[in-house]
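Structure file upload34.csv (CSV, C-alpha atoms) is printed below.
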```csv
chain,number,residue,atom,x,y,z
P,21,MET,CA,-28.8,53.2,-89.6
P,22,ALA,CA,-28.4,51.3,-92.9
P,23,ARG,CA,-29.5,54.3,-94.9
P,24,ALA,CA,-26.9,56.5,-93.1
P,25,ALA,CA,-24.2,53.9,-93.7
P,26,ARG,CA,-25.0,53.7,-97.4
P,27,ARG,CA,-24.8,57.5,-97.7
P,28,ARG,CA,-21.3,57.3,-96.2
P,29,GLY,CA,-20.2,54.7,-98.8
P,30,ALA,CA,-20.9,51.4,-97.0
P,31,THR,CA,-22.1,48.4,-99.0
P,32,ILE,CA,-24.7,46.2,-97.4
P,33,VAL,CA,-25.0,42.6,-98.6
P,34,GLU,CA,-28.1,40.8,-97.5
P,35,GLY,CA,-29.3,37.2,-97.6
P,36,VAL,CA,-25.9,35.7,-96.8
P,37,ALA,CA,-23.9,35.1,-93.7
P,38,VAL,CA,-20.2,35.7,-93.0
P,39,SER,CA,-18.7,32.2,-92.7
P,40,ASP,CA,-15.1,33.3,-92.0
P,41,VAL,CA,-12.8,36.2,-91.8
P,42,ASP,CA,-9.7,36.1,-94.0
P,43,VAL,CA,-6.6,37.2,-92.1
P,44,GLU,CA,-3.1,37.7,-93.7
P,45,GLY,CA,-0.1,39.0,-91.8
P,46,GLY,CA,-2.1,39.5,-88.6
P,47,ALA,CA,-4.7,41.9,-90.3
P,48,VAL,CA,-8.1,41.6,-91.8
P,49,ARG,CA,-8.1,41.1,-95.6
P,50,GLY,CA,-11.7,40.1,-96.3
P,51,VAL,CA,-14.6,37.9,-95.4
P,52,ARG,CA,-16.0,34.7,-96.9
P,53,THR,CA,-19.8,34.3,-97.1
P,54,SER,CA,-22.2,31.4,-96.9
P,55,ASP,CA,-22.7,31.5,-100.7
P,56,GLY,CA,-19.0,30.9,-101.4
P,57,SER,CA,-18.1,34.5,-102.2
P,58,THR,CA,-15.1,36.4,-100.9
P,59,ILE,CA,-15.5,40.1,-100.2
P,60,ARG,CA,-12.2,42.0,-99.8
P,61,CYS,CA,-12.2,44.6,-97.0
P,62,GLU,CA,-9.7,46.4,-94.9
P,63,TYR,CA,-11.8,46.5,-91.8
P,64,PHE,CA,-14.3,44.0,-90.2
P,65,VAL,CA,-16.8,44.5,-87.5
P,66,ASN,CA,-18.1,41.4,-85.8
P,67,ALA,CA,-21.7,42.4,-84.9
P,68,ALA,CA,-23.0,38.8,-85.1
P,69,GLY,CA,-25.0,39.0,-81.9
P,70,MET,CA,-25.2,35.7,-80.0
P,71,TRP,CA,-23.0,34.2,-82.8
P,72,ALA,CA,-20.2,36.7,-82.2
P,73,ARG,CA,-18.1,34.4,-80.0
P,74,GLN,CA,-18.3,31.5,-82.4
P,75,LEU,CA,-17.4,33.7,-85.4
P,76,GLY,CA,-14.5,35.2,-83.4
P,77,GLU,CA,-13.1,31.8,-82.4
P,78,ARG,CA,-12.7,30.8,-86.1
P,79,THR,CA,-10.0,33.5,-86.4
P,80,GLY,CA,-8.5,33.1,-82.9
P,81,VAL,CA,-10.5,36.2,-81.6
P,82,SER,CA,-11.9,36.0,-78.1
P,83,ILE,CA,-15.3,37.7,-77.6
P,84,PRO,CA,-16.7,36.7,-74.2
P,85,ASN,CA,-20.4,36.7,-75.2
P,86,GLN,CA,-22.9,34.0,-74.3
P,87,ALA,CA,-26.6,33.4,-75.1
P,88,ALA,CA,-28.8,33.1,-72.0
P,89,GLU,CA,-32.5,32.6,-71.6
P,90,HIS,CA,-34.5,35.8,-71.7
P,91,TYR,CA,-38.1,36.0,-70.6
P,92,TYR,CA,-41.0,38.3,-71.0
P,93,LEU,CA,-44.7,37.8,-70.3
P,94,LEU,CA,-47.5,39.4,-72.4
P,95,THR,CA,-50.7,40.1,-70.4
P,96,GLU,CA,-54.2,40.0,-71.9
P,97,PRO,CA,-55.5,43.4,-73.0
P,98,MET,CA,-56.1,46.0,-70.3
P,99,ALA,CA,-58.7,48.7,-71.0
P,100,ASP,CA,-56.7,51.5,-69.4
P,101,VAL,CA,-53.3,50.7,-71.0
P,102,GLY,CA,-52.3,53.2,-73.7
P,103,ARG,CA,-49.5,53.3,-76.2
P,104,GLU,CA,-48.3,56.6,-74.6
P,105,TRP,CA,-47.5,54.8,-71.3
P,106,PRO,CA,-43.8,55.0,-70.5
P,107,VAL,CA,-41.4,52.1,-70.3
P,108,VAL,CA,-40.8,51.4,-66.6
P,109,GLU,CA,-37.5,49.9,-65.7
P,110,ASP,CA,-36.9,48.6,-62.2
P,111,PRO,CA,-33.4,47.0,-61.7
P,112,SER,CA,-34.3,46.1,-58.0
P,113,ARG,CA,-37.0,43.8,-59.4
P,114,CYS,CA,-35.0,42.7,-62.5
P,115,THR,CA,-37.8,43.9,-64.7
P,116,TYR,CA,-38.9,46.3,-67.4
P,117,ILE,CA,-42.6,46.9,-68.2
P,118,ARG,CA,-44.1,48.6,-71.3
P,119,PRO,CA,-47.3,48.7,-73.2
P,120,GLU,CA,-47.7,45.9,-75.8
P,121,GLY,CA,-50.7,44.8,-77.8
P,122,GLY,CA,-53.3,46.5,-75.6
P,123,GLY,CA,-51.8,45.0,-72.5
P,124,LEU,CA,-48.4,44.9,-70.8
P,125,MET,CA,-45.1,43.3,-71.6
P,126,VAL,CA,-43.3,42.3,-68.4
P,127,GLY,CA,-39.7,41.6,-69.2
P,128,LEU,CA,-37.3,39.9,-66.9
P,129,PHE,CA,-33.5,40.0,-66.4
P,130,GLU,CA,-33.0,37.6,-63.6
P,131,THR,CA,-29.8,37.8,-61.6
P,132,ASP,CA,-28.7,34.3,-62.3
P,133,ALA,CA,-29.8,33.7,-65.9
P,134,ALA,CA,-29.6,30.2,-67.5
P,135,SER,CA,-27.0,29.9,-70.2
P,136,TRP,CA,-28.2,28.5,-73.5
P,137,ARG,CA,-26.3,26.4,-75.9
P,138,VAL,CA,-22.8,26.9,-74.5
P,139,ASP,CA,-21.5,24.4,-77.0
P,140,GLY,CA,-22.6,26.7,-79.9
P,141,ILE,CA,-25.6,28.5,-81.3
P,142,PRO,CA,-27.1,26.7,-84.3
P,143,ALA,CA,-26.5,28.8,-87.5
P,144,ASP,CA,-30.2,28.5,-88.5
P,145,PHE,CA,-31.7,29.6,-85.2
P,146,SER,CA,-33.2,33.0,-85.6
P,147,PHE,CA,-36.0,34.6,-83.5
P,148,GLY,CA,-36.9,31.2,-82.1
P,149,GLU,CA,-38.2,30.2,-78.8
P,150,ILE,CA,-36.9,28.1,-75.9
P,151,GLU,CA,-39.2,26.0,-73.7
P,152,PRO,CA,-39.9,28.3,-70.6
P,153,ASP,CA,-39.1,27.1,-67.1
P,154,TRP,CA,-42.1,28.4,-65.2
P,155,ASP,CA,-40.8,27.1,-61.8
P,156,ARG,CA,-37.5,28.9,-62.1
P,157,LEU,CA,-39.1,32.1,-63.3
P,158,ALA,CA,-42.1,32.3,-60.9
P,159,PRO,CA,-40.4,34.3,-58.1
P,160,PHE,CA,-39.0,36.9,-60.6
P,161,LEU,CA,-42.3,37.2,-62.4
P,162,GLU,CA,-44.3,37.7,-59.2
P,163,ARG,CA,-41.9,40.5,-58.0
P,164,ALA,CA,-42.0,42.1,-61.5
P,165,MET,CA,-45.8,42.0,-61.8
P,166,ASP,CA,-46.1,43.4,-58.3
P,167,ARG,CA,-44.5,46.6,-59.6
P,168,VAL,CA,-47.7,47.2,-61.6
P,169,PRO,CA,-50.4,45.5,-59.4
P,170,ARG,CA,-53.1,45.7,-62.1
P,171,SER,CA,-51.0,43.2,-64.2
P,172,LEU,CA,-51.9,40.6,-61.6
P,173,GLU,CA,-55.6,41.1,-62.3
P,174,VAL,CA,-55.5,40.0,-65.9
P,175,GLY,CA,-54.5,36.7,-67.6
P,176,ALA,CA,-51.2,35.9,-69.2
P,177,LYS,CA,-51.4,35.7,-73.0
P,178,LYS,CA,-47.9,34.3,-73.5
P,179,LEU,CA,-44.7,33.7,-71.6
P,180,PHE,CA,-41.9,34.0,-74.1
P,181,CYS,CA,-38.4,32.6,-73.6
P,182,GLY,CA,-35.8,33.2,-76.2
P,183,PRO,CA,-32.0,33.6,-76.2
P,184,GLU,CA,-30.3,37.0,-75.7
P,185,SER,CA,-26.5,37.4,-75.7
P,186,PHE,CA,-24.7,38.8,-72.6
P,187,THR,CA,-21.1,39.5,-71.6
P,188,PRO,CA,-19.8,38.6,-68.1
P,189,ASP,CA,-20.1,42.2,-66.9
P,190,LEU,CA,-23.2,43.0,-68.9
P,191,ALA,CA,-21.4,45.8,-70.7
P,192,PRO,CA,-21.2,45.7,-74.5
P,193,ILE,CA,-17.9,44.9,-76.2
P,194,ILE,CA,-17.2,47.6,-78.6
P,195,GLY,CA,-13.9,48.4,-80.3
P,196,PRO,CA,-10.7,46.8,-81.8
P,197,VAL,CA,-9.7,43.3,-80.7
P,198,PRO,CA,-6.1,42.6,-79.6
P,199,GLU,CA,-5.7,39.5,-81.7
P,200,VAL,CA,-6.2,40.8,-85.3
P,201,ARG,CA,-5.5,44.3,-86.7
P,202,ASN,CA,-8.5,46.0,-88.2
P,203,TYR,CA,-10.9,43.6,-86.6
P,204,PHE,CA,-13.5,45.2,-84.4
P,205,ALA,CA,-16.1,43.8,-82.0
P,206,CYS,CA,-19.6,45.1,-81.4
P,207,ALA,CA,-21.3,42.5,-79.3
P,208,GLY,CA,-23.2,41.9,-76.0
P,209,MET,CA,-25.7,44.7,-76.6
P,210,ASN,CA,-28.2,42.9,-74.4
P,211,SER,CA,-31.4,44.0,-76.3
P,212,ILE,CA,-30.3,47.6,-76.5
P,213,GLY,CA,-28.3,47.6,-79.8
P,214,ILE,CA,-30.6,50.0,-81.6
P,215,LEU,CA,-31.0,52.2,-78.5
P,216,SER,CA,-27.2,52.3,-78.0
P,217,GLY,CA,-26.6,53.0,-81.8
```

For the structure just supplied, provide its representation as structure tokens.
Amino acid sequence: MARAARRRGATIVEGVAVSDVDVEGGAVRGVRTSDGSTIRCEYFVNAAGMWARQLGERTGVSIPNQAAEHYYLLTEPMADVGREWPVVEDPSRCTYIRPEGGGLMVGLFETDAASWRVDGIPADFSFGEIEPDWDRLAPFLERAMDRVPRSLEVGAKKLFCGPESFTPDLAPIIGPVPEVRNYFACAGMNSIGILSG
């Protein structure tokens, strides 16, 4: 995606964060970055993931996006699992299952997920983990693993819990925002950002 954007004239600046969006006369005029630079631009796309809501709030833009606990379990290796296995998605069991590391990844999307850091996501939190709540997740995990009974016959290598951002209706927020001209939102992709792109 980055290569295609560059071919179409986009400039990609890495190693800095957008700290604020400059607005003049109700329209985007530029962005300020964490290194103190100002980049003039006519359009701005807030694609800040689980930080999108916080970044929007700095300019009076409402982006209803909240981080929630997201879990997946990695099984020990299983001799008959191959990389060519399909991804199985079963909404009735709130799960997706796919091959990973010689075993299976059993991902969960529970119906009543636990919000994480409603007061604000730390700026330096990236690809980190949250302490898993085994008791809360056990019923979901059992139903999910029952979808592929062989997964119940091997050990669990890791139960991962990390934040993922969601919108109230689980649909992504894509397009212009009403509060500021030339300000666009691209948030709430719920782990399917690349797929949706």

Item checked: Test item: residues at most 6 Å from His90 of chain P, all atoms listed in the file, excluding those fewer than 2 positions along its chain, as a list of chain:residue names -> P:Cys181, P:Gly182, P:Pro183, P:Glu184

Please produce a file of those selected residues containing C-alpha atoms, as a compact mmCIF listing (two decimals), in the frame of the given file.
```txt
# COMPACT_ATOMS: atom_id res chain seq x y z
CA CYS P 181 -38.40 32.60 -73.60
CA GLY P 182 -35.80 33.20 -76.20
CA PRO P 183 -32.00 33.60 -76.20
CA GLU P 184 -30.30 37.00 -75.70
```

Check: Taking into account only C-alpha atoms, which residue in the set P:Asp139, P:Glu62, P:Asp166, P:Glu34 is nearest to Asp110 of chain P?
Finding: P:Asp166

Note to self: Report as a PyMOL selection string all protein, DNA and RNA residues lying within 12 Å of Glu173 of chain P, evaluated on only C-alpha atoms, omitting residues in the same chain fewer than 6 positions from it.
What the structure shows: chain P and resi 95-99+123-124+165-166

Check: Any idea what's packed within 9 Å of Gly140 of chain P, counting only C-alpha atoms, ignoring anything in its chain fewer than 6 positions away? Could you give it as an NGL selection string?
Finding: :P and (71 or 73-74)

Selected residues written out with C-alpha atoms, as a tab-separated table (two decimals), keeping the file's coordinate frame:
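Writing done, so here's out07.tsv:
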```tsv
chain	number	residue	atom	x	y	z
P	71	TRP	CA	-23.00	34.20	-82.80
P	73	ARG	CA	-18.10	34.40	-80.00
P	74	GLN	CA	-18.30	31.50	-82.40
```

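Distance-wise, atom CA of Arg52 of chain P and atom CA of Ser39 of chain P end up 5.6 Å apart.
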
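For Pro196 of chain P, the list of residues within 12 Å, based on all atoms listed in the file and with local chain neighbours fewer than 4 positions off taken out, reads Ala47, Val48, Tyr63, Phe64, Val65, Asn66, Val81, Ser82, Ile83, Val200, Arg201, Asn202, Tyr203, Phe204, Ala205, Cys206 and Ala207 of chain P.
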
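With distances restricted to all atoms listed in the file, P:Asp100 is the closest residue to Gly122 of chain P from P:Asp100, P:Glu109, P:Asp40, P:Asp55.
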
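Atom pair atom CA of Glu89 of chain P / atom CA of Val126 of chain P: separated by 14.9 Å.
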
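Between Val43 of chain P and the candidates P:Val107, P:Leu93, P:Ala30, P:Cys61, the tightest atom-to-atom separation, counting all atoms listed in the file, involves P:Cys61.
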
Notebook entry, point to check: Suppose you want the space between atom CA of Arg49 of chain P and atom CA of Ala67 of chain P; what is it in Å?
Noted result: 17.4 Å

Notebook entry, point to check: Which one is closest to Pro159 of chain P: P:Leu128, P:Asp144, P:Phe180, P:Ile117? Count only C-alpha atoms.
Noted result: P:Leu128
